[in-house]
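Containing mmCIF, C-alpha atoms and all ligand atoms: query_4.cif.
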data_data
loop_
_atom_site.label_atom_id
_atom_site.label_comp_id
_atom_site.auth_asym_id
_atom_site.auth_seq_id
_atom_site.Cartn_x
_atom_site.Cartn_y
_atom_site.Cartn_z
CA MET A 50 204.99 -67.80 -90.77
CA ASN A 51 206.09 -68.08 -87.14
CA ASN A 52 209.56 -69.24 -86.14
CA PHE A 53 209.60 -72.91 -85.22
CA LYS A 54 211.64 -75.83 -83.95
CA PHE A 55 211.03 -79.23 -85.54
CA CYS A 56 212.77 -82.29 -84.16
CA VAL A 57 211.02 -85.66 -84.30
CA PRO A 58 213.42 -88.43 -83.31
CA THR A 59 211.15 -91.45 -83.92
CA ASP A 60 212.51 -94.12 -86.28
CA ILE A 61 209.57 -95.16 -88.50
CA ARG A 62 209.58 -98.58 -90.18
CA PHE A 63 206.64 -98.60 -92.54
CA GLY A 64 205.26 -101.43 -94.65
CA LYS A 65 204.44 -105.08 -94.89
CA ASP A 66 206.56 -107.27 -92.57
CA ALA A 67 208.33 -104.23 -91.12
CA ILE A 68 208.11 -106.02 -87.75
CA GLU A 69 210.99 -108.31 -88.70
CA CYS A 70 213.44 -105.63 -87.49
CA LEU A 71 212.09 -105.83 -83.93
CA PRO A 72 214.75 -108.09 -82.29
CA GLU A 73 217.65 -106.19 -83.80
CA GLU A 74 216.19 -102.83 -82.79
CA LEU A 75 215.13 -103.77 -79.25
CA GLU A 76 218.52 -105.35 -78.61
CA LYS A 77 219.94 -101.81 -78.58
CA TYR A 78 218.15 -101.08 -75.31
CA GLY A 79 218.51 -104.37 -73.45
CA LYS A 80 216.79 -107.70 -72.89
CA LYS A 81 214.06 -106.88 -70.40
CA VAL A 82 210.92 -105.85 -72.20
CA LEU A 83 207.58 -104.69 -70.83
CA LEU A 84 204.95 -105.71 -73.39
CA VAL A 85 201.96 -103.36 -73.14
CA TYR A 86 198.75 -104.26 -74.96
CA GLY A 87 195.00 -103.82 -74.85
CA GLY A 88 191.94 -105.99 -74.42
CA GLY A 89 193.12 -108.91 -76.51
CA SER A 90 192.78 -108.00 -80.21
CA ILE A 91 196.48 -108.80 -80.69
CA LYS A 92 195.87 -112.36 -79.50
CA LYS A 93 193.04 -112.83 -82.00
CA THR A 94 195.04 -111.40 -84.89
CA GLY A 95 198.15 -113.48 -84.21
CA LEU A 96 200.36 -110.47 -83.55
CA TYR A 97 200.96 -111.54 -79.95
CA ASP A 98 202.39 -114.88 -81.10
CA LYS A 99 204.44 -113.14 -83.76
CA VAL A 100 206.00 -110.82 -81.15
CA TYR A 101 206.88 -113.79 -78.92
CA SER A 102 208.42 -115.74 -81.80
CA LEU A 103 210.56 -112.75 -82.78
CA LEU A 104 211.58 -111.99 -79.18
CA LYS A 105 212.38 -115.54 -78.06
CA ASP A 106 215.76 -114.41 -76.71
CA PHE A 107 214.27 -111.59 -74.62
CA GLU A 108 212.84 -111.57 -71.11
CA ILE A 109 209.25 -110.41 -71.54
CA TYR A 110 207.00 -109.02 -68.78
CA GLU A 111 203.41 -108.21 -69.63
CA LEU A 112 200.94 -105.43 -68.94
CA PRO A 113 197.72 -106.48 -70.70
CA GLY A 114 194.30 -104.85 -70.48
CA ILE A 115 195.03 -101.24 -71.40
CA GLU A 116 191.61 -99.67 -71.79
CA PRO A 117 190.50 -97.46 -74.68
CA ASN A 118 190.85 -94.06 -72.93
CA PRO A 119 193.72 -95.47 -70.82
CA LYS A 120 193.38 -95.18 -67.07
CA LEU A 121 195.83 -93.91 -64.49
CA THR A 122 195.49 -97.19 -62.59
CA SER A 123 197.01 -99.08 -65.56
CA VAL A 124 199.89 -96.62 -65.67
CA GLU A 125 200.53 -97.17 -61.96
CA LYS A 126 200.64 -100.95 -62.48
CA GLY A 127 203.05 -100.59 -65.40
CA ALA A 128 205.37 -98.25 -63.53
CA GLN A 129 205.55 -100.70 -60.62
CA ILE A 130 206.57 -103.54 -62.94
CA CYS A 131 209.26 -101.37 -64.55
CA LYS A 132 210.71 -100.44 -61.17
CA LYS A 133 210.55 -103.95 -59.70
CA GLU A 134 211.92 -105.79 -62.73
CA ASN A 135 214.38 -103.17 -63.99
CA ILE A 136 212.77 -103.03 -67.40
CA ASP A 137 215.02 -101.82 -70.25
CA VAL A 138 212.46 -100.98 -72.91
CA ILE A 139 208.67 -100.77 -73.29
CA LEU A 140 207.08 -102.46 -76.29
CA SER A 141 203.62 -101.11 -76.97
CA VAL A 142 201.52 -103.20 -79.34
CA GLY A 143 198.22 -101.51 -80.13
CA GLY A 144 196.74 -98.09 -80.74
CA GLY A 145 196.84 -94.69 -79.15
CA SER A 146 195.61 -96.00 -75.81
CA CYS A 147 198.47 -98.49 -75.43
CA ILE A 148 201.04 -96.03 -76.68
CA ASP A 149 199.80 -93.27 -74.39
CA ALA A 150 199.81 -95.55 -71.36
CA SER A 151 203.34 -96.67 -72.33
CA LYS A 152 204.56 -93.08 -72.52
CA HIS A 153 203.24 -92.28 -69.07
CA ILE A 154 204.68 -95.53 -67.68
CA ALA A 155 208.04 -94.74 -69.31
CA CYS A 156 208.48 -91.57 -67.25
CA ALA A 157 206.64 -92.78 -64.14
CA ALA A 158 209.22 -95.61 -63.98
CA TYR A 159 211.83 -93.02 -63.01
CA TYR A 160 209.65 -90.94 -60.72
CA ASP A 161 209.31 -91.52 -56.99
CA GLY A 162 206.02 -89.68 -56.41
CA GLU A 163 202.51 -90.28 -57.77
CA PRO A 164 202.42 -90.73 -61.60
CA TRP A 165 199.57 -88.17 -61.87
CA ASP A 166 202.02 -85.47 -60.67
CA LEU A 167 203.76 -85.81 -64.05
CA VAL A 168 200.53 -84.92 -65.86
CA LEU A 169 199.87 -81.90 -63.67
CA ASP A 170 203.46 -80.64 -63.83
CA ARG A 171 205.36 -81.58 -66.98
CA SER A 172 208.63 -80.16 -65.62
CA LYS A 173 208.75 -83.22 -63.36
CA VAL A 174 209.32 -85.49 -66.40
CA GLU A 175 213.10 -85.76 -66.21
CA LYS A 176 213.85 -89.21 -67.60
CA ALA A 177 211.98 -91.92 -69.49
CA LEU A 178 212.46 -95.49 -70.65
CA PRO A 179 212.73 -96.00 -74.42
CA ILE A 180 209.47 -96.99 -76.12
CA ALA A 181 209.01 -99.14 -79.22
CA VAL A 182 205.61 -99.31 -80.89
CA VAL A 183 203.84 -101.81 -83.12
CA LEU A 184 200.87 -99.84 -84.38
CA THR A 185 197.55 -101.63 -84.94
CA ILE A 186 195.11 -98.74 -85.48
CA CYS A 187 195.71 -95.49 -87.27
CA ALA A 188 194.18 -92.52 -85.53
CA THR A 189 196.09 -90.61 -82.90
CA GLY A 190 199.58 -90.10 -84.33
CA SER A 191 200.90 -91.09 -80.89
CA GLU A 192 203.39 -93.36 -82.69
CA MET A 193 205.41 -90.28 -83.73
CA ASN A 194 204.62 -87.58 -81.20
CA SER A 195 205.49 -86.66 -77.65
CA GLY A 196 202.01 -86.49 -76.10
CA ALA A 197 199.87 -88.96 -74.17
CA VAL A 198 196.33 -88.56 -72.90
CA ILE A 199 195.48 -90.28 -69.62
CA SER A 200 192.20 -90.55 -67.73
CA ASN A 201 192.04 -90.16 -63.98
CA GLU A 202 188.80 -91.88 -63.08
CA ALA A 203 188.80 -90.59 -59.53
CA THR A 204 188.73 -86.94 -60.64
CA HIS A 205 186.97 -87.30 -64.04
CA GLU A 206 189.98 -85.66 -65.67
CA LYS A 207 191.39 -86.67 -69.04
CA LEU A 208 194.59 -84.71 -69.50
CA GLU A 209 197.68 -84.68 -71.66
CA ILE A 210 201.21 -85.33 -70.54
CA ASN A 211 203.83 -84.09 -72.99
CA SER A 212 207.61 -84.12 -73.07
CA PRO A 213 210.31 -84.48 -75.75
CA LEU A 214 211.46 -87.51 -73.73
CA LEU A 215 208.26 -89.34 -74.67
CA TYR A 216 208.69 -89.72 -78.44
CA PRO A 217 208.74 -93.42 -79.25
CA ALA A 218 212.25 -94.45 -80.27
CA LEU A 219 210.85 -96.82 -82.89
CA SER A 220 207.43 -97.25 -84.50
CA ILE A 221 206.55 -100.15 -86.73
CA CYS A 222 203.64 -99.30 -89.02
CA ASP A 223 202.43 -102.24 -91.08
CA PRO A 224 199.18 -101.35 -92.89
CA THR A 225 198.14 -105.01 -93.05
CA TYR A 226 197.61 -104.92 -89.25
CA LEU A 227 194.69 -102.57 -89.93
CA TYR A 228 192.77 -105.22 -91.90
CA THR A 229 191.20 -106.64 -88.73
CA LEU A 230 189.89 -103.31 -87.44
CA PRO A 231 186.14 -103.27 -86.89
CA LYS A 232 184.39 -100.74 -89.11
CA ARG A 233 183.57 -98.49 -86.19
CA GLN A 234 187.24 -98.22 -85.25
CA THR A 235 188.21 -97.47 -88.85
CA ALA A 236 185.61 -94.71 -88.88
CA ALA A 237 186.51 -93.30 -85.47
CA GLY A 238 190.21 -93.36 -86.32
CA THR A 239 189.61 -91.50 -89.58
CA ALA A 240 187.55 -88.86 -87.75
CA ASP A 241 190.41 -88.42 -85.31
CA ILE A 242 192.96 -87.88 -88.10
CA ILE A 243 190.64 -85.34 -89.75
CA SER A 244 190.12 -83.52 -86.48
CA HIS A 245 193.87 -83.32 -85.81
CA VAL A 246 194.39 -81.65 -89.17
CA LEU A 247 191.45 -79.29 -88.71
CA GLU A 248 192.62 -78.22 -85.25
CA GLN A 249 195.91 -77.11 -86.80
CA TYR A 250 194.45 -75.77 -90.06
CA PHE A 251 192.12 -73.54 -88.06
CA GLN A 252 194.85 -71.91 -86.03
CA PRO A 253 195.79 -68.23 -86.15
CA ASN A 254 198.44 -67.31 -88.76
CA ASP A 255 197.75 -66.98 -92.40
CA GLY A 256 201.35 -66.90 -93.62
CA ALA A 257 202.05 -70.62 -93.31
CA PHE A 258 201.08 -71.43 -96.89
CA VAL A 259 203.15 -74.59 -97.14
CA THR A 260 201.69 -75.97 -93.91
CA ASP A 261 198.13 -75.29 -95.05
CA ARG A 262 198.67 -77.07 -98.39
CA LEU A 263 200.16 -80.11 -96.61
CA SER A 264 197.11 -80.14 -94.33
CA GLU A 265 194.71 -80.06 -97.26
CA GLY A 266 196.55 -83.03 -98.77
CA ILE A 267 196.09 -85.06 -95.60
CA LEU A 268 192.39 -84.12 -95.41
CA LYS A 269 191.85 -85.14 -99.04
CA THR A 270 193.57 -88.45 -98.29
CA CYS A 271 191.14 -89.15 -95.44
CA PHE A 272 188.08 -88.15 -97.44
CA LYS A 273 189.20 -90.33 -100.37
CA TYR A 274 190.37 -93.44 -98.55
CA GLY A 275 188.19 -93.51 -95.41
CA PRO A 276 185.16 -94.87 -97.28
CA VAL A 277 187.34 -97.31 -99.24
CA ALA A 278 188.75 -98.79 -96.02
CA MET A 279 185.20 -99.08 -94.65
CA LYS A 280 184.07 -101.11 -97.66
CA GLU A 281 187.23 -103.14 -98.29
CA SER A 282 189.00 -103.79 -95.03
CA ASP A 283 192.02 -105.35 -96.79
CA ASN A 284 192.58 -102.62 -99.35
CA TYR A 285 196.32 -101.99 -98.95
CA GLU A 286 196.32 -98.70 -100.82
CA ALA A 287 193.60 -97.27 -98.58
CA ARG A 288 195.08 -98.65 -95.35
CA SER A 289 198.63 -97.52 -96.13
CA ASN A 290 197.57 -94.01 -97.11
CA LEU A 291 195.42 -93.63 -93.99
CA MET A 292 198.17 -95.02 -91.79
CA TRP A 293 200.77 -92.54 -92.95
CA ALA A 294 198.18 -89.74 -92.94
CA SER A 295 197.49 -90.39 -89.26
CA THR A 296 201.18 -90.21 -88.40
CA VAL A 297 201.82 -87.01 -90.35
CA ALA A 298 198.62 -85.41 -89.03
CA LEU A 299 200.02 -85.27 -85.54
CA ASN A 300 203.81 -85.36 -85.65
CA HIS A 301 203.97 -81.54 -85.47
CA LEU A 302 204.54 -81.15 -89.22
CA LEU A 303 201.13 -79.55 -89.73
CA THR A 304 201.54 -77.04 -86.96
CA VAL A 305 204.91 -75.60 -87.94
CA GLY A 306 204.81 -71.87 -88.55
CA LYS A 307 201.46 -71.63 -86.78
CA GLY A 308 200.36 -71.65 -83.16
CA GLY A 309 197.53 -71.34 -80.69
CA ALA A 310 195.33 -73.70 -78.76
CA TRP A 311 193.04 -76.47 -80.03
CA THR A 312 189.27 -76.31 -79.64
CA VAL A 313 187.31 -79.47 -80.43
CA HIS A 314 189.77 -81.85 -78.74
CA PRO A 315 189.66 -80.30 -75.27
CA ILE A 316 185.87 -80.28 -75.49
CA GLU A 317 185.78 -83.93 -76.63
CA HIS A 318 188.17 -84.97 -73.88
CA GLU A 319 185.48 -83.89 -71.41
CA LEU A 320 182.94 -86.17 -73.13
CA SER A 321 185.29 -89.15 -72.97
CA ALA A 322 186.40 -88.28 -69.42
CA PHE A 323 182.83 -88.15 -68.11
CA TYR A 324 181.20 -90.80 -70.33
CA ASP A 325 184.12 -92.95 -71.58
CA ILE A 326 182.97 -92.67 -75.20
CA THR A 327 185.21 -93.38 -78.21
CA HIS A 328 187.36 -90.31 -78.89
CA GLY A 329 186.70 -90.27 -82.66
CA ASP A 330 182.93 -90.56 -82.14
CA GLY A 331 182.96 -87.48 -79.91
CA LEU A 332 184.99 -85.54 -82.48
CA ALA A 333 182.62 -86.49 -85.33
CA ILE A 334 179.67 -85.23 -83.29
CA LEU A 335 181.27 -81.96 -82.21
CA THR A 336 183.18 -80.89 -85.32
CA PRO A 337 180.33 -79.85 -87.66
CA ALA A 338 178.55 -78.07 -84.79
CA TRP A 339 181.74 -76.20 -83.85
CA MET A 340 182.25 -75.19 -87.48
CA GLU A 341 178.72 -73.90 -87.75
CA TYR A 342 178.97 -72.07 -84.42
CA VAL A 343 182.18 -70.17 -85.20
CA LEU A 344 181.36 -69.29 -88.81
CA CYS A 345 181.31 -65.47 -88.92
CA ASP A 346 183.02 -62.56 -90.70
CA LYS A 347 186.25 -63.28 -88.86
CA THR A 348 186.42 -66.95 -89.91
CA VAL A 349 184.53 -67.16 -93.20
CA ASP A 350 187.56 -66.72 -95.48
CA ARG A 351 189.35 -69.71 -94.00
CA PHE A 352 186.21 -71.86 -94.04
CA ALA A 353 185.66 -70.93 -97.70
CA MET A 354 189.29 -71.81 -98.45
CA TYR A 355 188.78 -75.19 -96.76
CA ALA A 356 185.65 -75.82 -98.87
CA GLU A 357 187.35 -74.78 -102.13
CA ASN A 358 190.70 -76.51 -101.65
CA VAL A 359 189.56 -79.69 -99.93
CA TRP A 360 186.06 -80.23 -101.30
CA ASP A 361 186.41 -78.46 -104.68
CA ILE A 362 183.36 -76.32 -103.92
CA ALA A 363 183.21 -73.16 -106.05
CA GLY A 364 180.95 -70.11 -105.88
CA ASP A 365 180.81 -66.31 -105.62
CA ASP A 366 179.28 -66.08 -102.17
CA LYS A 367 181.94 -67.06 -99.65
CA TYR A 368 179.38 -67.77 -96.90
CA GLU A 369 177.56 -70.20 -99.21
CA VAL A 370 180.85 -71.88 -100.13
CA ALA A 371 181.87 -72.13 -96.46
CA LYS A 372 178.50 -73.60 -95.46
CA LYS A 373 178.70 -76.20 -98.21
CA GLY A 374 182.15 -77.22 -96.93
CA ILE A 375 180.74 -77.65 -93.42
CA GLN A 376 177.82 -79.70 -94.78
CA ALA A 377 180.24 -81.87 -96.80
CA THR A 378 182.17 -82.57 -93.59
CA ALA A 379 178.98 -83.59 -91.74
CA ASP A 380 177.89 -85.74 -94.69
CA PHE A 381 181.25 -87.48 -94.73
CA PHE A 382 180.97 -88.46 -91.07
CA LYS A 383 177.48 -89.80 -91.82
CA GLU A 384 178.81 -91.83 -94.75
CA MET A 385 181.40 -93.27 -92.35
CA GLU A 386 178.51 -94.38 -90.09
CA LEU A 387 179.70 -92.18 -87.23
CA PRO A 388 177.27 -90.80 -84.65
CA ALA A 389 175.94 -87.29 -85.27
CA THR A 390 174.31 -86.58 -81.89
CA LEU A 391 175.25 -86.92 -78.23
CA ARG A 392 172.08 -88.91 -77.67
CA GLU A 393 173.42 -91.65 -79.96
CA VAL A 394 176.38 -92.18 -77.60
CA GLY A 395 174.23 -92.06 -74.46
CA ILE A 396 174.95 -88.49 -73.34
CA ASP A 397 172.16 -86.24 -72.06
CA SER A 398 172.36 -82.61 -70.96
CA ASP A 399 173.00 -83.31 -67.25
CA LYS A 400 176.70 -82.46 -67.29
CA PHE A 401 176.88 -79.87 -70.08
CA GLU A 402 177.72 -77.03 -67.66
CA GLU A 403 180.29 -79.04 -65.71
CA MET A 404 182.02 -80.35 -68.84
CA ALA A 405 182.12 -76.89 -70.43
CA GLU A 406 183.64 -75.44 -67.27
CA GLU A 407 186.30 -78.16 -67.19
CA ALA A 408 187.17 -77.69 -70.87
CA VAL A 409 187.81 -74.00 -70.20
CA ARG A 410 189.75 -74.71 -67.01
CA THR A 411 192.05 -77.37 -68.48
CA SER A 412 192.85 -75.90 -71.91
CA GLY A 413 193.48 -72.71 -73.86
CA VAL A 414 190.11 -72.90 -75.61
CA SER A 415 188.90 -69.61 -74.12
CA THR A 416 192.15 -67.70 -74.58
CA ARG A 417 194.38 -68.94 -77.38
CA ALA A 418 192.06 -70.79 -79.78
CA TYR A 419 191.42 -69.77 -83.39
CA PHE A 420 188.00 -68.60 -82.25
CA PRO A 421 188.07 -68.43 -78.44
CA LEU A 422 185.07 -70.00 -76.72
CA ASP A 423 183.92 -69.43 -73.18
CA LYS A 424 181.86 -71.77 -71.04
CA ASP A 425 178.52 -70.52 -72.39
CA ASP A 426 179.67 -70.97 -75.99
CA ILE A 427 180.64 -74.57 -75.28
CA VAL A 428 177.29 -75.29 -73.62
CA LYS A 429 175.59 -73.90 -76.76
CA ILE A 430 177.68 -76.23 -78.93
CA PHE A 431 176.66 -79.17 -76.73
CA GLU A 432 173.03 -78.06 -77.15
CA MET A 433 173.47 -78.09 -80.94
CA CYS A 434 174.68 -81.70 -80.70
CA LYS A 435 171.84 -83.03 -78.50
O1 LIG B 1 192.17 -103.22 -76.78
P1 LIG B 1 192.19 -104.09 -77.98
O2 LIG B 1 191.61 -105.44 -77.76
O3 LIG B 1 193.54 -104.15 -78.63
O4 LIG B 1 191.16 -103.43 -79.06
C1 LIG B 1 191.34 -102.11 -79.54
C2 LIG B 1 190.42 -101.10 -78.87
O5 LIG B 1 189.24 -101.71 -78.41
C3 LIG B 1 190.86 -102.09 -80.98
N1 LIG B 1 191.91 -102.41 -81.95
C4 LIG B 1 193.09 -101.77 -82.13
N2 LIG B 1 193.75 -102.28 -83.16
C5 LIG B 1 192.99 -103.31 -83.64
C6 LIG B 1 191.82 -103.40 -82.87
N3 LIG B 1 190.86 -104.31 -83.10
C7 LIG B 1 191.05 -105.16 -84.13
N4 LIG B 1 192.15 -105.12 -84.93
C8 LIG B 1 193.13 -104.21 -84.72
N5 LIG B 1 194.19 -104.14 -85.55
O6 LIG B 1 190.48 -100.73 -81.20
C9 LIG B 1 190.00 -100.18 -79.99
C10 LIG B 1 190.53 -98.77 -79.86
O7 LIG B 1 191.91 -98.75 -79.61
P2 LIG B 1 192.58 -97.43 -79.04
O8 LIG B 1 194.03 -97.66 -78.86
O9 LIG B 1 191.82 -96.94 -77.85
O10 LIG B 1 192.30 -96.37 -80.23
P3 LIG B 1 193.00 -95.05 -80.63
O11 LIG B 1 194.28 -95.29 -81.35
O12 LIG B 1 191.98 -94.28 -81.33
O13 LIG B 1 193.39 -94.31 -79.25
C11 LIG B 1 192.46 -93.53 -78.56
C12 LIG B 1 193.12 -92.85 -77.35
O14 LIG B 1 194.17 -91.96 -77.76
C13 LIG B 1 193.93 -90.64 -77.24
C14 LIG B 1 192.41 -90.61 -77.18
O15 LIG B 1 191.93 -89.55 -76.39
C15 LIG B 1 192.09 -91.98 -76.63
O16 LIG B 1 192.32 -92.02 -75.24
N6 LIG B 1 194.59 -89.64 -78.08
C16 LIG B 1 195.94 -89.60 -78.07
C17 LIG B 1 196.65 -88.63 -78.76
C18 LIG B 1 198.12 -88.60 -78.75
N7 LIG B 1 198.78 -89.37 -77.92
O17 LIG B 1 198.73 -87.85 -79.48
C19 LIG B 1 195.98 -87.58 -79.51
C20 LIG B 1 194.56 -87.87 -79.79
O18 LIG B 1 193.89 -86.67 -80.09
C21 LIG B 1 193.82 -88.59 -78.72
O19 LIG B 1 193.36 -87.71 -77.70
ZN ZN B 2 192.47 -86.91 -81.40
#
Can you present the structure in this file as structure tokens?
Amino acid sequence: MNNFKFCVPTDIRFGKDAIECLPEELEKYGKKVLLVYGGGSIKKTGLYDKVYSLLKDFEIYELPGIEPNPKLTSVEKGAQICKKENIDVILSVGGGSCIDASKHIACAAYYDGEPWDLVLDRSKVEKALPIAVVLTICATGSEMNSGAVISNEATHEKLEINSPLLYPALSICDPTYLYTLPKRQTAAGTADIISHVLEQYFQPNDGAFVTDRLSEGILKTCFKYGPVAMKESDNYEARSNLMWASTVALNHLLTVGKGGAWTVHPIEHELSAFYDITHGDGLAILTPAWMEYVLCDKTVDRFAMYAENVWDIAGDDKYEVAKKGIQATADFFKEMELPATLREVGIDSDKFEEMAEEAVRTSGVSTRAYFPLDKDDIVKIFEMCK
């Protein structure tokens, strides 16, 4: 197991009606709040009114309209409001897109140059406003991590900004807020959680036994409760287990003692940067193809371990066991009604080369991944997903 540092300062308030603590907690930072939210789901669900009734003694400014795959232009708007109105705290009510935009706004509020500079050079993130989150979709883990992924439409780049200053100070996770999620968001969110765990599970270092067993537990949770949440949107047991699974899947717990770069995420970020598709859809399409592509003598033991420990697949031939595990993963995504081909999400082969080149340029996929992939490998994976 590698040496590691683990410090996650986010205060999590989990459970039904956890939101009641909001006024008392926000009070610690001041009265001027920037409320960041998406395309309006919080108005339909009543959460918007709930926030206003709880924060009646606060001065609220709004930044609505955060897009799924949040755009740099929204961040710029938010940073301007923070600077002009001397905002004390950002309240992000939504999913990964709102939280990510809020994180970028939080540091851009203290930066005099262009907000995109902070993405390109993380050392420029020197100060950030505090962020409080009310989570409405479980997927990204952004509610308890220090990363944010922002799309720059002008350059077709979707890149991560990351700094210890960007952990939310507070995250309210009430599983009942997930009841209104459309099926396709439940499915895409579950695929995202699974992919986060797999990216870390398939990282170099075999000595991190405890981390691997925790990862398998989170994967089993997704495979058990994903279909339940699809069928019964108000199943509290399913929603609460998935909600906590999504947080743990990407709050650094599952990477401790390990290391290396991710693979499927940087490739997917090119799909959503160029075609604005749903992140979880892209991951569901790419993951089984990636697994199949990298299965070889070097990787087979870990794939067989995944099949045995997560899917309870037994057998004497480790290649057979590994292949069954990969098939079970693909079948699961199908059961969740997720797309299995790029064609289904409107992507043809026009930009395969360009996207593969960008994935290599903007990530460690060709150098530090579990199974390093160069541009040609990535194009072949895209071809497998056509
Ligand atoms: O915009 P509204 O109207 O609120 O609707 C949203 C949005 O259309 C809807 N929704 C959310 N909660 C709902 C709801 N609809 C009904 N009821 C509810 N309770 O769901 C749609 C998707 O929301 P979004 O925030 O985009 O989803 P998600 O949490 O999956 O975030 C995706 C973004 O996060 C990035 C992705 O790349 C993508 O840009 N990621 C962020 C990461 C991080 N910060 O650590 C890591 C991830 O790997 C990922 O890259
Ligand atoms: Zn993800």
For segment 95-144 of chain A against segment 165-169 of chain A, with a cut-off of 10 Å and counting only C-alpha atoms, what is the closest atom pair and its distance in Å to one decimal for every residue that makes the cut, ordered by chain and number, as JSON lines?
{"residue": "A:Leu121", "atom": "CA", "partner": "A:Trp165", "partner_atom": "CA", "distance": 7.3}
{"residue": "A:Thr122", "atom": "CA", "partner": "A:Trp165", "partner_atom": "CA", "distance": 9.9}
{"residue": "A:Val124", "atom": "CA", "partner": "A:Trp165", "partner_atom": "CA", "distance": 9.3}
{"residue": "A:Glu125", "atom": "CA", "partner": "A:Trp165", "partner_atom": "CA", "distance": 9.1}
Exercise for the section: Go through A:Glu403, A:Asp241, A:Glu281, A:Glu206 one by one, measure the shortest atom-to-atom distance of each to Leu227 of chain A using only C-alpha atoms, and give the residue with the smallest value. Expected result: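 Once distances to Leu227 of chain A are computed over only C-alpha atoms, the minimum belongs to A:Glu281.
Note that the spacing between atom CA of Thr239 of chain A and atom CA of Ser295 of chain A amounts to 8.0 Å.
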Can you check which parts of chain A lie within 6 Å of ligand LIG 1 (chain B)? Per residue, the shortest pair of atoms and distance in Å to one decimal, counting all atoms listed in the file, sorted by chain and number, as a Markdown table.
| residue | atom | partner | partner_atom | distance |
| --- | --- | --- | --- | --- |
| A:Gly87 | CA | B:LIG1 | O1 | 3.5 |
| A:Gly88 | CA | B:LIG1 | O2 | 3.4 |
| A:Gly89 | CA | B:LIG1 | O2 | 4.0 |
| A:Ser90 | CA | B:LIG1 | O2 | 3.7 |
| A:Ile91 | CA | B:LIG1 | O3 | 5.9 |
| A:Pro117 | CA | B:LIG1 | O9 | 3.5 |
| A:Asn118 | CA | B:LIG1 | O16 | 3.4 |
| A:Pro119 | CA | B:LIG1 | O16 | 5.8 |
| A:Gly143 | CA | B:LIG1 | N2 | 5.5 |
| A:Gly144 | CA | B:LIG1 | O8 | 3.3 |
| A:Gly145 | CA | B:LIG1 | O11 | 3.4 |
| A:Ser146 | CA | B:LIG1 | O8 | 3.8 |
| A:Cys147 | CA | B:LIG1 | O8 | 5.7 |
| A:Asp149 | CA | B:LIG1 | N7 | 5.4 |
| A:Thr185 | CA | B:LIG1 | N5 | 4.2 |
| A:Ile186 | CA | B:LIG1 | N2 | 4.4 |
| A:Ala188 | CA | B:LIG1 | O11 | 5.0 |
| A:Thr189 | CA | B:LIG1 | C20 | 4.4 |
| A:Gly190 | CA | B:LIG1 | O17 | 5.4 |
| A:Ser191 | CA | B:LIG1 | N7 | 4.0 |
| A:Gly196 | CA | B:LIG1 | N7 | 4.7 |
| A:Ala197 | CA | B:LIG1 | N7 | 3.9 |
| A:Val198 | CA | B:LIG1 | C16 | 5.3 |
| A:Tyr226 | CA | B:LIG1 | N5 | 5.1 |
| A:Leu227 | CA | B:LIG1 | N5 | 4.7 |
| A:Thr229 | CA | B:LIG1 | N4 | 4.2 |
| A:Leu230 | CA | B:LIG1 | N4 | 3.8 |
| A:Pro231 | CA | B:LIG1 | C7 | 5.9 |
| A:Gln234 | CA | B:LIG1 | O6 | 5.8 |
| A:Gly238 | CA | B:LIG1 | O12 | 5.4 |
| A:His328 | CA | B:LIG1 | O15 | 5.3 |
Keeping only C-alpha atoms, write the selected residues to a file as a short mmCIF file (atom, residue, chain, number, x, y, z; two decimals), keeping the file's coordinate frame.
data_model
loop_
_atom_site.label_atom_id
_atom_site.label_comp_id
_atom_site.auth_asym_id
_atom_site.auth_seq_id
_atom_site.Cartn_x
_atom_site.Cartn_y
_atom_site.Cartn_z
CA GLY A 87 195.00 -103.82 -74.85
CA GLY A 88 191.94 -105.99 -74.42
CA GLY A 89 193.12 -108.91 -76.51
CA SER A 90 192.78 -108.00 -80.21
CA ILE A 91 196.48 -108.80 -80.69
CA PRO A 117 190.50 -97.46 -74.68
CA ASN A 118 190.85 -94.06 -72.93
CA PRO A 119 193.72 -95.47 -70.82
CA GLY A 143 198.22 -101.51 -80.13
CA GLY A 144 196.74 -98.09 -80.74
CA GLY A 145 196.84 -94.69 -79.15
CA SER A 146 195.61 -96.00 -75.81
CA CYS A 147 198.47 -98.49 -75.43
CA ASP A 149 199.80 -93.27 -74.39
CA THR A 185 197.55 -101.63 -84.94
CA ILE A 186 195.11 -98.74 -85.48
CA ALA A 188 194.18 -92.52 -85.53
CA THR A 189 196.09 -90.61 -82.90
CA GLY A 190 199.58 -90.10 -84.33
CA SER A 191 200.90 -91.09 -80.89
CA GLY A 196 202.01 -86.49 -76.10
CA ALA A 197 199.87 -88.96 -74.17
CA VAL A 198 196.33 -88.56 -72.90
CA TYR A 226 197.61 -104.92 -89.25
CA LEU A 227 194.69 -102.57 -89.93
CA THR A 229 191.20 -106.64 -88.73
CA LEU A 230 189.89 -103.31 -87.44
CA PRO A 231 186.14 -103.27 -86.89
CA GLN A 234 187.24 -98.22 -85.25
CA GLY A 238 190.21 -93.36 -86.32
CA HIS A 328 187.36 -90.31 -78.89
#
Practice task
For Thr296 of chain A, please output as a list of chain:residue names all residues within 9 Å (counting all atoms listed in the file; exclusion window: fewer than 3 positions along the same chain).
Solution key: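 So, after excluding close chain neighbours, the residues are A:Cys187, A:Ala188, A:Thr189, A:Gly190, A:Ser191, A:Glu192, A:Met193, A:Asn194, A:Ile242, A:Leu291, A:Met292, A:Trp293, A:Leu299, A:Asn300.
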